[in-house]
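Undergrad: Pasting a structure here, questions to come.
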Amino acid sequence: PVKCLSTFWVSYCMIGCNVIKWLGPDTRRVPFAGEICGFRIHGQNVPFEAVVLDKSTGEGVIRTKDKLDCELQKEHTFTIQAYDCGEGPDGSNMKKSHKATVHIQVNDVNEYSPVFKEKSYKATVIEGKKYDSILKVEAVDADCSFQFSQICSYEIVTPDVPFSVDKDGNIKNTEKLNYSKEHMYKLTVTAYDCGKNRASEDVLVKISIKPTCKPSWQGFNKRIEYEPGTGSLALFPSMHLETCEEPITSIQASIMLETNHIGKGCDRDTYSEKSLHKLCGASAGTVELLPAPSNSVNWTVGLPTDNGHDSDQVFEFNGTQAIKVPEGVVSTTLKEPFTISVWMRHGPGSREKETILCNSDKTEMNRHHYSLYVHNCRLVLLLRQEPTESENYKPAEFHWKLDQVCDKEWHHYVLNIEFPAVTLFVDGATFEPFLVTEDYPLHASKIETQLTIGACWQDLSGHDNDTETLSEPLTGGSARMTQYFRGNLAGLMIRSGKLENKKVIDCLYTCKEGLDVQLPEEVASSVKVEFNPNQSSLSLEGDDIESFEKVMQHISYLNSRQFPTPGIRHLRISTTVKCFNEETCISVSDSEGYVMVLQPEEPKISLSGIDHFARGAAEFESTEGVTLFPELRIVSTITREVEVEAEAEAEAEDDPTVQETVVSEEIMHNLDTCEVTVVGDELNGDHESLEVDLAQIQQRALEMSSSNVGMVITGVNTMANYEQVLHLIRYRNWHTEALFDRKFKLVCSELNGRYISNEFKVEVNVIHTANPMDHANNAMVQPQFINQVQHASVDLSGHNLANTHQASVVPSAATVVIVVCVSFLVFMIILGVFRIRAAHQRTMRDQENGKENEMDWDDSALTITVNPMETYEDQHSSEEEGDEEEEESEDGEEEDDITSAESDSSEDEGGEQEDQQGSSRQQQLEWDDSTY
């Protein structure tokens with residue numbers, strides 16, 4: 001309906017929609033003047049028009065020209081004016097009424113459905129808590145009227161969920177939520193307007209459940225795998241701190257890498273302690289008192305070792321073991337400065353003295369000249385002065401009370417002794433003695449001293465106030481050990497004449513693995529970072545959580561060893577958080593994980609070269625001797641598995657298959673020991689020796705020690721330098737009449753025996769030159785051949801290498817008898833072969849007519865050449881191997897075992913003739929074993 005209102009002379013009326021009835025003038029007030037011919041509407045873009053229905057009465061109607069839309073315009077206002085038909089027939093001089101205002105309101109139709117403002121809704125709640133409102137969903141309706149545009153209700157469509165929604169769209173939980181039961185709920189919610197229209201599309205609501213908030217570090221893996229040789233590895237790349245929305249003002253954290261179970265406290269190079277001193281820059285004069293047992297150094301053989309820690313040479317002392325250091329190993333005099341260094345793990349404390357190192361009288365008086373021992377968690381150095389003219393008191397005992405002595409952990413101790421001053425370094429830190437006691441100097445005596453490790457040596461016939469309760473003796477007689485040590489020792493060294501500097505001490509103590517951090521520039525100034533000396537722990541402090549987390553994400557693990565110790569390294573993060581009141585407002589529990597260092601690809605050290613050769617006796621007796629390893633090669637390889645695509649299958653199929661194949665790669669690394677050992681009888685120093693140019697060894701910073709069982713070269717150096725030094729080793733024997741051969745064994749190793757090469761064995765034969773007069777009546781011996789052998793005796797390596805049997809040398813006095821016997825035996829063998837051959841050929845001709853014989857036998861010019869330097873066994877073995885050598889030569893393949901020494905010798909005249917004779921012998925002595 002449209003409501004019409006006349007403000008002047010038009011009466012009020014109500015008509016149907018889109019029609020307004022206009023009444024003519026009131027005849028009771030205004031006399032009739034004419035007819036009404038039309039209406040005019042004033043206004044812009046008015047969607048209405050007025051039409052006259054009755055001119056005489058002035059009745060008309062207002063109707064719409066277009067469809068009305070309440071959502072575009074709810075109300076229309078305009079003015080209307082009537083005019084008559086005029087006085088003349090042409091309607092001239094028409095009169096207009098005054099303007100009347102018309103107000104039209106458009107009623108709404110419920111044509112639109114509710115629409116949600118968001119495509120989806122998300123919220124996170126903590127388990128075990130009921131919320132008044134978790135989140136609010138909201139929908140809108142495009143209708144213009146209040147009735148149809150208002151959302152009257154919301155509804156959760158998903159059944160059986162512990163949530164409800166009110167008319168305003170607030171969603172809450174109807175029961176306490178449990179994270180273990182459900183991590184996330186997904187709800188479907190719809191909306192209704194007041195006209196009962198439902199939303200065109202329902203909306204999805206996701207509600208995540210968090211466990212009860214506990215402040216802690218989040219987002220890092222408990223297990224972190226480290227592949228050797230890959231550099232640094234980020235430990236916490238995605239770490240963040242959950243503070244449970246507490247306001248934080250400062251945060252402190254410490255990250256600890258636990259490596260005390262590895263070797264001597266962490267991953268260090270396991271070279272010998274003497275080699276490590278050199279690598280760290282220590283000068284000469286260092287003596288290793290606990291060396292790895294070997295043929296030349298064997299006084300530690302009886303001690304139990306801990307071989308479970310990467311072959312690190314750790315010696316165990318349980319209160320019953322002790323060793324005596326041989327005389328001459330240590331030449332320290334207390335009048336000059338010297339250094340004692342040792343790795344020790346000890347604990348708990350004991351009321352009795354436990355001796356690490358002791359130098360005491362060998363017999364009678366039992367005086368302790370100097371010793372290092374542990375007593376009640378104190379480290380004590382006893383330093384008795386030698387006899388002097390004055391009998392004044394002088395410092396004699398230096399005491400340090402240290403927690404490290406009894407904490408059952410590995411620690412590195414260095415004592416710099418320059419009487420009367422003694423400085424102690426523990427793990428690189430300096431400690432001054434808290435107590436120094438004095439004593440008289442020792443009385444003059446000619447008694448020799450005994451240096452022992454793990455206990456003190458004393459003679460029961462004497463008296464000694466320094467000793468305590470005696471243990472059972474290790475040896476018979478009246479001497480025994482006392483003050484036994486209980487714990488682990490390693491790397492016990494004495495260096496005479498010079499003190500150790502701080503740089504060398506730090507190098508000895510530094511680990512090859514540890515924590516590292518590369519600070520981002522934007523947070524470098526906001527977070528304070530501090531490391532401990534061996535970088536096994538670091539501490540962080542800051543006031544901005546975001547910057548603090550960035551620093552944590554840049555903390556990495558690094559292991560610079562080429563072959564690190566595999567296994568677990570535990571990680572622990574301890575955190576303290578403070579709030580505005582400068583007190584600890586939340587408690588962050590410690591976070592734990594571990595780094596798993598994977599097994600490195602272990603190297604295989606291979607020694608190769610000439611392993612069997614002969615030389616003339618004159619060479620052995622010369623001043624230079626015979627070189628044992630002239631063509632030695634040291635090669636190290638690693639074997640690894642790589643994935644490759646199978647190309648053949650890839651062409652036939654769309655998806656190529658991946659296969660694993662094993663490849664070997666040559667790598668370069670250092671050696672630290674090569675040991676040459678005599679196989680068989682020991683060297684007789686009266687007429688034989690192993691020698692090497694000491695200047696060449698010293699030039700390469702290596703050391704050599706020798707004994708009657710062999711020679712040991714030590715020091716960390718490249719494989720190439722070891723090759724050059726081993727090429728120089730010579731064997732001399734100036735009494736070769738009764739010597740026929742000598743055998744030697746070479747073994748090289750790295751990292752104090754962790755990786756050991758193959759045993760490379762060398763056999764050298766002595767060629768005794770025959771006297772020509774002894775062969776004058778021997779018609780079977782050709783003088784020319786004898787001379788050739790004599791000239792070619794410089795190098796028969798090719799012959800010996802081709803023959804795998806052991807070569808023997810016969811004295812010249814027995815040559816004639818052996819040659820005659822061998823000749824007769826060979827003649828009988830050839831005769832038997834000839835008969836067998838003839839019978840075989842007849843049989844083959846009967847079976848296969850026309851078939852050519854592959855092997856012809858011609859005895860018309862039978863020639864037998866005998867080497868007077870070969871025994872019957874050599875000739876017999878060479879005849880048995882003749883077929884194999886002939887087959888190889890017929891195939892045209894080169895012999896693999898020909899060395900450069902053979903090539904050189906083949907250029908000599910004697911060598912060429914010898915090869916020709918050998919080839920002619922193969923042609924004449926053809927053996928057919930087809931009938932066997």
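Order determines the names: the first chain of the structure tokens is A, the second B, and so forth; residues in each chain are numbered 1 upward, and ligands are numbered 1 upward as they are shown.
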Any chance you could list, as a VMD selection string, the residues in stretch 88-201 of chain A that come up strand (DSSP E) when DSSP is run on the backbone?
TA: chain A and resid 100 to 105 115 to 116 120 to 126 135 to 136 139 to 140 151 to 156 163 to 165 170 to 173 184 to 193
Undergrad: Which of stretch 223-396 of chain A end up as alpha helix (DSSP H) when DSSP is run on this backbone - answer as a ChimeraX atom specification?
TA: /A:273-279
Undergrad: Would you pick out the contacts of stretch 139-142 of chain A at 6 Å or less, using only C-alpha atoms, so that residues sharing its chain but fewer than 2 positions from it are not included, and give the list as a PyMOL selection string?
TA: chain A and resi 112-117+149
Undergrad: Considering only C-alpha atoms, give me a table of residues in stretch 248-345 of chain A that are at most 12 Å from stretch 502-508 of chain A, with the closest atom pair and distance in Å for each, as CSV.
TA:
residue,atom,partner,partner_atom,distance
A:Lys264,CA,A:Leu508,CA,11.5
A:Arg268,CA,A:Leu508,CA,9.1
A:Asp269,CA,A:Leu508,CA,9.7
A:Thr270,CA,A:Leu508,CA,11.3
A:Tyr271,CA,A:Leu508,CA,11.3
A:Ser272,CA,A:Leu508,CA,11.5
A:Glu273,CA,A:Leu508,CA,8.8
A:Lys274,CA,A:Leu508,CA,10.7
A:Ser275,CA,A:Leu508,CA,10.6
A:Leu276,CA,A:Leu508,CA,6.9
A:His277,CA,A:Leu508,CA,7.1
A:Lys278,CA,A:Val504,CA,9.3
A:Leu279,CA,A:Cys507,CA,8.8
A:Cys280,CA,A:Val504,CA,5.4
A:Gly281,CA,A:Val504,CA,6.2
A:Ala282,CA,A:Val504,CA,6.4
A:Ser283,CA,A:Val504,CA,10.0
A:Thr339,CA,A:Ile505,CA,11.0
A:Ile340,CA,A:Ile505,CA,11.5
A:Ser341,CA,A:Ile505,CA,9.2
A:Val342,CA,A:Leu508,CA,10.5
A:Trp343,CA,A:Leu508,CA,10.3
Undergrad: Write to file, as a PDB file, in the first residue's frame, the residues of the selection just made, with N, CA and C atoms.
TA:
ATOM      1  N   LYS A 264      89.666 -39.834  26.512  1.00  0.00           N
ATOM      2  CA  LYS A 264      90.103 -39.087  27.691  1.00  0.00           C
ATOM      3  C   LYS A 264      89.239 -37.839  27.861  1.00  0.00           C
ATOM      4  N   ARG A 268      89.621 -36.693  20.851  1.00  0.00           N
ATOM      5  CA  ARG A 268      90.935 -36.107  20.573  1.00  0.00           C
ATOM      6  C   ARG A 268      91.695 -37.036  19.645  1.00  0.00           C
ATOM      7  N   ASP A 269      92.711 -36.479  18.992  1.00  0.00           N
ATOM      8  CA  ASP A 269      93.574 -37.330  18.185  1.00  0.00           C
ATOM      9  C   ASP A 269      94.248 -38.371  19.075  1.00  0.00           C
ATOM     10  N   THR A 270      94.223 -39.617  18.641  1.00  0.00           N
ATOM     11  CA  THR A 270      94.794 -40.694  19.444  1.00  0.00           C
ATOM     12  C   THR A 270      96.184 -41.073  18.973  1.00  0.00           C
ATOM     13  N   TYR A 271      96.935 -40.112  18.492  1.00  0.00           N
ATOM     14  CA  TYR A 271      98.345 -40.361  18.261  1.00  0.00           C
ATOM     15  C   TYR A 271      99.027 -40.559  19.616  1.00  0.00           C
ATOM     16  N   SER A 272     100.226 -41.070  19.591  1.00  0.00           N
ATOM     17  CA  SER A 272     100.955 -41.225  20.840  1.00  0.00           C
ATOM     18  C   SER A 272     101.172 -39.858  21.472  1.00  0.00           C
ATOM     19  N   GLU A 273     101.313 -39.849  22.772  1.00  0.00           N
ATOM     20  CA  GLU A 273     101.461 -38.577  23.479  1.00  0.00           C
ATOM     21  C   GLU A 273     102.731 -37.852  23.023  1.00  0.00           C
ATOM     22  N   LYS A 274     103.740 -38.609  22.703  1.00  0.00           N
ATOM     23  CA  LYS A 274     104.980 -37.996  22.227  1.00  0.00           C
ATOM     24  C   LYS A 274     104.755 -37.299  20.894  1.00  0.00           C
ATOM     25  N   SER A 275     103.993 -37.937  20.005  1.00  0.00           N
ATOM     26  CA  SER A 275     103.683 -37.313  18.718  1.00  0.00           C
ATOM     27  C   SER A 275     102.817 -36.080  18.908  1.00  0.00           C
ATOM     28  N   LEU A 276     101.872 -36.142  19.839  1.00  0.00           N
ATOM     29  CA  LEU A 276     101.013 -34.986  20.087  1.00  0.00           C
ATOM     30  C   LEU A 276     101.818 -33.799  20.594  1.00  0.00           C
ATOM     31  N   HIS A 277     102.820 -34.062  21.438  1.00  0.00           N
ATOM     32  CA  HIS A 277     103.668 -32.973  21.912  1.00  0.00           C
ATOM     33  C   HIS A 277     104.371 -32.295  20.740  1.00  0.00           C
ATOM     34  N   LYS A 278     104.825 -33.090  19.794  1.00  0.00           N
ATOM     35  CA  LYS A 278     105.491 -32.494  18.633  1.00  0.00           C
ATOM     36  C   LYS A 278     104.507 -31.718  17.779  1.00  0.00           C
ATOM     37  N   LEU A 279     103.317 -32.281  17.573  1.00  0.00           N
ATOM     38  CA  LEU A 279     102.315 -31.592  16.772  1.00  0.00           C
ATOM     39  C   LEU A 279     101.901 -30.270  17.403  1.00  0.00           C
ATOM     40  N   CYS A 280     101.936 -30.218  18.725  1.00  0.00           N
ATOM     41  CA  CYS A 280     101.537 -28.996  19.428  1.00  0.00           C
ATOM     42  C   CYS A 280     102.689 -28.002  19.574  1.00  0.00           C
ATOM     43  N   GLY A 281     103.864 -28.350  19.090  1.00  0.00           N
ATOM     44  CA  GLY A 281     104.963 -27.389  19.103  1.00  0.00           C
ATOM     45  C   GLY A 281     105.952 -27.549  20.222  1.00  0.00           C
ATOM     46  N   ALA A 282     105.875 -28.623  21.006  1.00  0.00           N
ATOM     47  CA  ALA A 282     106.856 -28.833  22.072  1.00  0.00           C
ATOM     48  C   ALA A 282     108.211 -29.178  21.456  1.00  0.00           C
ATOM     49  N   SER A 283     109.262 -28.695  22.082  1.00  0.00           N
ATOM     50  CA  SER A 283     110.599 -28.962  21.575  1.00  0.00           C
ATOM     51  C   SER A 283     111.047 -30.355  21.983  1.00  0.00           C
ATOM     52  N   THR A 339     109.295 -30.727  33.127  1.00  0.00           N
ATOM     53  CA  THR A 339     107.836 -30.732  33.090  1.00  0.00           C
ATOM     54  C   THR A 339     107.328 -32.155  33.210  1.00  0.00           C
ATOM     55  N   ILE A 340     106.279 -32.327  34.017  1.00  0.00           N
ATOM     56  CA  ILE A 340     105.570 -33.602  34.112  1.00  0.00           C
ATOM     57  C   ILE A 340     104.140 -33.358  33.642  1.00  0.00           C
ATOM     58  N   SER A 341     103.674 -34.150  32.701  1.00  0.00           N
ATOM     59  CA  SER A 341     102.286 -34.038  32.240  1.00  0.00           C
ATOM     60  C   SER A 341     101.664 -35.426  32.235  1.00  0.00           C
ATOM     61  N   VAL A 342     100.370 -35.480  32.538  1.00  0.00           N
ATOM     62  CA  VAL A 342      99.687 -36.765  32.622  1.00  0.00           C
ATOM     63  C   VAL A 342      98.178 -36.540  32.485  1.00  0.00           C
ATOM     64  N   TRP A 343      97.523 -37.506  31.872  1.00  0.00           N
ATOM     65  CA  TRP A 343      96.063 -37.599  31.908  1.00  0.00           C
ATOM     66  C   TRP A 343      95.695 -38.551  33.037  1.00  0.00           C
TER      67      TRP A 343
END
Undergrad: Skip stretch 694-697 of chain A itself and residues of its chain fewer than 5 positions away, then list as a list in words all residues within 9 Å of it, counting only C-alpha atoms.
TA: Leu702, Glu703, Met704, Ile713, Gln724, Val725 and Leu728 of chain A
Undergrad: With only C-alpha atoms as the atoms that count, which of A:His76, A:His346, A:His368, A:Lys95 lies nearest to A:Leu402?
TA: A:His346
Undergrad: Write out as a list in words the residues lying within 10 Å of A:Ile356, counting only C-alpha atoms and excluding same-chain residues fewer than 5 positions away.
TA: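 Using only C-alpha atoms, the neighbours found are Phe317, Ala322, Val342, Met344, Ser371, Leu372, Tyr373, Val374, Leu379, Thr452, Ile453, Gly454, Ala455, Cys456, Gln483, Tyr484, Phe485, Arg486, Gly487, Asn488, Leu489 and Leu492 of chain A.
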Undergrad: Looking at A:Leu690, A:Leu499, A:Val527, A:Ala123, which one is nearest to A:Glu418, with distances taken over only C-alpha atoms?
TA: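 Comparing A:Leu690, A:Leu499, A:Val527, A:Ala123 against A:Glu418, the winner is A:Leu499.
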Undergrad: Which residue, A:Asn298, A:Ser208, A:Ser216, A:Gln699, has the smallest gap to A:Tyr121 when you use only C-alpha atoms?
TA: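 Using only C-alpha atoms, A:Tyr121 sits closest to A:Ser208.
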